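A.B. asks: Please see the structure below; I have some questions.
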Amino acid sequence: MHNWWRVGATVTADETSLPDGFEALERFVATWAIADLAERDAMRGSSTPDQRKAFYSVASGLLEPALDYLDGKPLTALSDPEQRLMNLMLSLAHVALAQEVQHEDEAHHAHFRSFLPFTPKA
Amino acid sequence: MNEPKPVFEPQSNEELAWLGTDPIPASAYHDPAYYELEREAVFKRSWLPIGHVCELAEPGSFIRRDIEVVKASLLIARGKEGEVRAFHNVCPHRGTRLVPEVSGTQATFSCRYHAWTFGLDGGLISAPDFERFYVKKEQCGLKPVAVEVFAGLIFIHFGSPEQSVRDWLGDLAEPFEQLPIAKATQFVEYSYEIGANWKLTFDNFQENYHLRVVHPRTGGPGCAEPNPFAYPERYNFWGPHRSQTIWNNPNLPAPQGVQAIGNGRIVDAAGRAGLFGAELGMDFTCLFPNFTVFGPPARQFTQTVWPLGPNRSRGIVRFYWVGEEENASERFAREYVMASQRDIHCEDRDVIEAGQAGLASGAIDHINFQGQEVLCRHLFEAVDAMVAAWRSNNGG
Ligand code: FES
Ligand SMILES: [Fe+2]
């Protein structure tokens, strides 16, 4: 999606809306609803501990409901709000590794990860 | 209820001693002269898996692969009738590298120097003012390289192979073919360069002795009584190839939180796709010289370690997946599996480089493998046998 013309514009509610029941995640859309795996991984690495903690504390409890809701549709038929919810949950996969496994080692671990980047899609 | 306590006995040193017990010469892991011998004896004389047929989806699909250890660049293309061919990526006019793109789809390849143009079968189709040459077009095709597709993987061979890939795998061929990679339709990749000899890099991934030291958070929980080193159930050998069969520890604590959901839903997806049950499904299988596949269908990945010099190598890790994700759960679970596996792998690089720095100093003449590092010993023995044979055939 090309949205270069929106650079500098205020993000409108229309661009952060999520399916009913997932409103609590809307404040995380701008940071964590990322369409590409390598970029989600990079966001884990460049985010602050507070950003990860805030996102994980709200999103982890909504993971099962979100997947159960999204599983009701073919992946190719997701609406924009549903796709944003999917992308948020994919970012959660990365952030959860920081919060559940690495804990205070996360910053050091980010250095290790920087040498093994995912290959961008051709 | 009195549950019987699980017991675990790793394979004994007595069972593994047939491979020898002597220290291994350290020079094989850093000496430039030994590296030169490996290039000739091993990498120019072995089948090498360089990709997967899912990268060549249709007639005209091609990939370029640069194999530094033999200073080659290859063009691998699918022809009009679907056949896979490999060529040196070198223009037969005056040697120019032909294809600059890493991959793509096209019916012909044109050299950027004098515009000789080749077809998917490697034949020269046209060349400007060709009448002035002293050769025929039929003599001017791209130079072919031996290629075979086996279990979905594309193998190339820089010499004249004495055996097909199947014969070279021997009794390993049949179980290897059952692995889900044979059916894969897509992959996600990560890679790294490392200041370490290719064998030192490769060895890291074929011993479990280091797990609880190097991976306290990512691998630590798997190192639990009665198997605190997470040693495998057994080791298996097929000629120069080898595997370890992972032991499932029933004592491990159940995963929690997002980890439980990620791991649980990928197992569901692999079950639905019918991917369980392969004989090598719990094995970490190594094809000589530089390829591994980890069998469990819920987190199957391959790694190829390419030599870049006596003290340098590159690891390429790929997660091969069968089919598109069926639903959101499977998409989430694949992402979780790949990110968590990369989290483990990245912890090794630093300590492998530290090992190379020590070896390259020449301070120690020998390295010592314990019984549970038998796969590392087996790789060295297989390499060294080829090096010795090549030496004696070439007056060394
Ligand atoms: S070198 Fe390729 S056409 Fe001359
Ligand atoms: Fe490791």
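Chain labels A, B, ... are given in the sequence in which chains occur in the structure tokens; within each chain residues are numbered consecutively from 1, and ligands are likewise numbered from 1 in the order shown.
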Residues within 8 Å of ligand 1 (only C-alpha atoms and all ligand atoms), as a list in words?

C.D. replies: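 I would give the residues around ligand 1 as Val90, Cys91, Pro92, His93, Arg94, Gly95, Thr96, Arg97, Leu98, Ser110, Cys111, Arg112, Tyr113, His114, Ala115, Trp116, Thr117 and Ala127 of chain B.
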
A.B. asks: Take the selection from the previous step and output its residues with C-alpha atoms, as a compact mmCIF listing (two decimals), in the first residue's frame.

C.D. replies:
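Heads up, here's the output in selection-v7.txt:
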# COMPACT_ATOMS: atom_id res chain seq x y z
CA VAL B 90 30.10 -17.32 -17.30
CA CYS B 91 29.78 -16.11 -20.88
CA PRO B 92 31.71 -18.46 -23.20
CA HIS B 93 32.78 -15.52 -25.40
CA ARG B 94 35.25 -13.86 -23.07
CA GLY B 95 34.23 -14.96 -19.61
CA THR B 96 31.95 -12.20 -18.40
CA ARG B 97 29.63 -13.04 -15.49
CA LEU B 98 26.37 -13.49 -17.34
CA SER B 110 21.95 -11.77 -22.69
CA CYS B 111 25.54 -10.91 -21.93
CA ARG B 112 26.02 -7.22 -21.17
CA TYR B 113 29.39 -7.09 -22.96
CA HIS B 114 28.78 -8.06 -26.62
CA ALA B 115 25.18 -9.24 -26.34
CA TRP B 116 25.56 -12.97 -26.88
CA THR B 117 22.17 -14.43 -25.96
CA ALA B 127 25.41 -13.27 -31.27

A.B. asks: Quick check: residues of chain A within 8 Å of chain B, only C-alpha atoms, returned as JSON, numbers by chain.

C.D. replies: {"A": [37, 41, 60, 63, 64, 67, 68, 70, 71, 73, 74, 75, 86, 89, 90, 93, 94, 96, 97, 100, 101, 102, 109, 112, 113, 115, 116, 117, 118, 119]}

A.B. asks: Which of region 207-317 of chain B end up as strand (DSSP E or B) when DSSP is run on this backbone - answer as an NGL selection string?

C.D. replies: :B and (224 or 227 or 234-238 or 241-245 or 283-287 or 291-294 or 301-309 or 312-317)

A.B. asks: Give me, please, the distance in Å between CA of Ala173 (chain B) and CA of Pro49 (chain B), quoted to one decimal.

C.D. replies: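 That distance, rounded to one decimal, is 14.1 Å.
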
A.B. asks: When you look at Gly45 (chain A) with a cut-off of 9 Å (counting only C-alpha atoms), what residues show up, excluding the ones that are within fewer than 3 positions of it in the same chain? I need them as a list in words.

C.D. replies: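 Final neighbour list, sorted by chain and number: Arg40, Asp41, Ala42, Thr48, Glu106, Ala107, Ala110, His111, Arg113 and Ser114 of chain A.
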
A.B. asks: Nearest to ligand 2 among B:Ala254, B:Val351, B:Val387, B:Leu275, with distances taken over only C-alpha atoms and all ligand atoms: which residue is it?

C.D. replies: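 Comparing B:Ala254, B:Val351, B:Val387, B:Leu275 against ligand 2, the winner is B:Val351.
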
A.B. asks: Give me every alpha helix (DSSP H) residue in chain A, going by DSSP on the backbone, as a PyMOL selection string.

C.D. replies: chain A and resi 13-16+29-32+37-46+49-59+63-70+80-96+106-113

A.B. asks: Using only C-alpha atoms and all ligand atoms, which of the listed residues (B:Pro32, B:Gly281, B:Gly122, B:Gly220) sits closest to ligand 2?

C.D. replies: B:Gly220

A.B. asks: Just want the 12 Å neighbourhood of region 78-80 of chain A, counted on only C-alpha atoms, with same-chain residues fewer than 5 positions away dropped. Output as a PyMOL selection string.

C.D. replies: (chain A and resi 1+14-19+29+33+35+69-73+85-87) or (chain B and resi 327-328)

A.B. asks: Hey, what's within 9 Å of His378 (chain B) if we count only C-alpha atoms and toss same-chain stuff fewer than 2 positions away? As a VMD selection string, please?

C.D. replies: chain B and resid 19 237 240 to 242 373 to 376 380 to 383

A.B. asks: For CA of Trp306 (chain B) and CA of Pro180 (chain B), quote the distance in Å rounded to one decimal.

C.D. replies: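 Distance reported for this atom pair: 23.5 Å.
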
A.B. asks: Env of Asn13 (chain B): 9 Å cut, atoms = only C-alpha atoms, seq-sep filter 3 positions within chain, self excluded. Answer as a tab-separated table (two decimals) with N, CA and C atoms, in the first residue's frame.

C.D. replies:
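After the write, around_19.tsv holds the following:
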chain	number	residue	atom	x	y	z
B	16	LEU	N	30.56	-45.80	20.84
B	16	LEU	CA	30.95	-44.79	19.86
B	16	LEU	C	32.44	-44.82	19.54
B	17	ALA	N	33.17	-45.70	20.22
B	17	ALA	CA	34.63	-45.66	20.12
B	17	ALA	C	35.14	-46.14	18.76
B	370	GLN	N	34.75	-35.12	23.26
B	370	GLN	CA	34.25	-36.16	24.17
B	370	GLN	C	33.32	-37.09	23.39
B	371	GLY	N	32.85	-38.15	24.05
B	371	GLY	CA	31.97	-39.12	23.38
B	371	GLY	C	30.74	-38.48	22.76
B	372	GLN	N	30.14	-37.49	23.46
B	372	GLN	CA	28.92	-36.87	22.97
B	372	GLN	C	29.19	-35.74	21.97

A.B. asks: From the list B:Leu252, B:Trp247, B:Trp321, B:Asp203, which residue is nearest ligand 2 when using only C-alpha atoms and all ligand atoms?

C.D. replies: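 Nearest candidate to ligand 2 out of B:Leu252, B:Trp247, B:Trp321, B:Asp203: B:Asp203.
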
A.B. asks: Between CA of Leu75 (chain B) and CA of Val99 (chain B), what is the distance, to one decimal in Å?

C.D. replies: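 These two atoms are separated by 7.4 Å.
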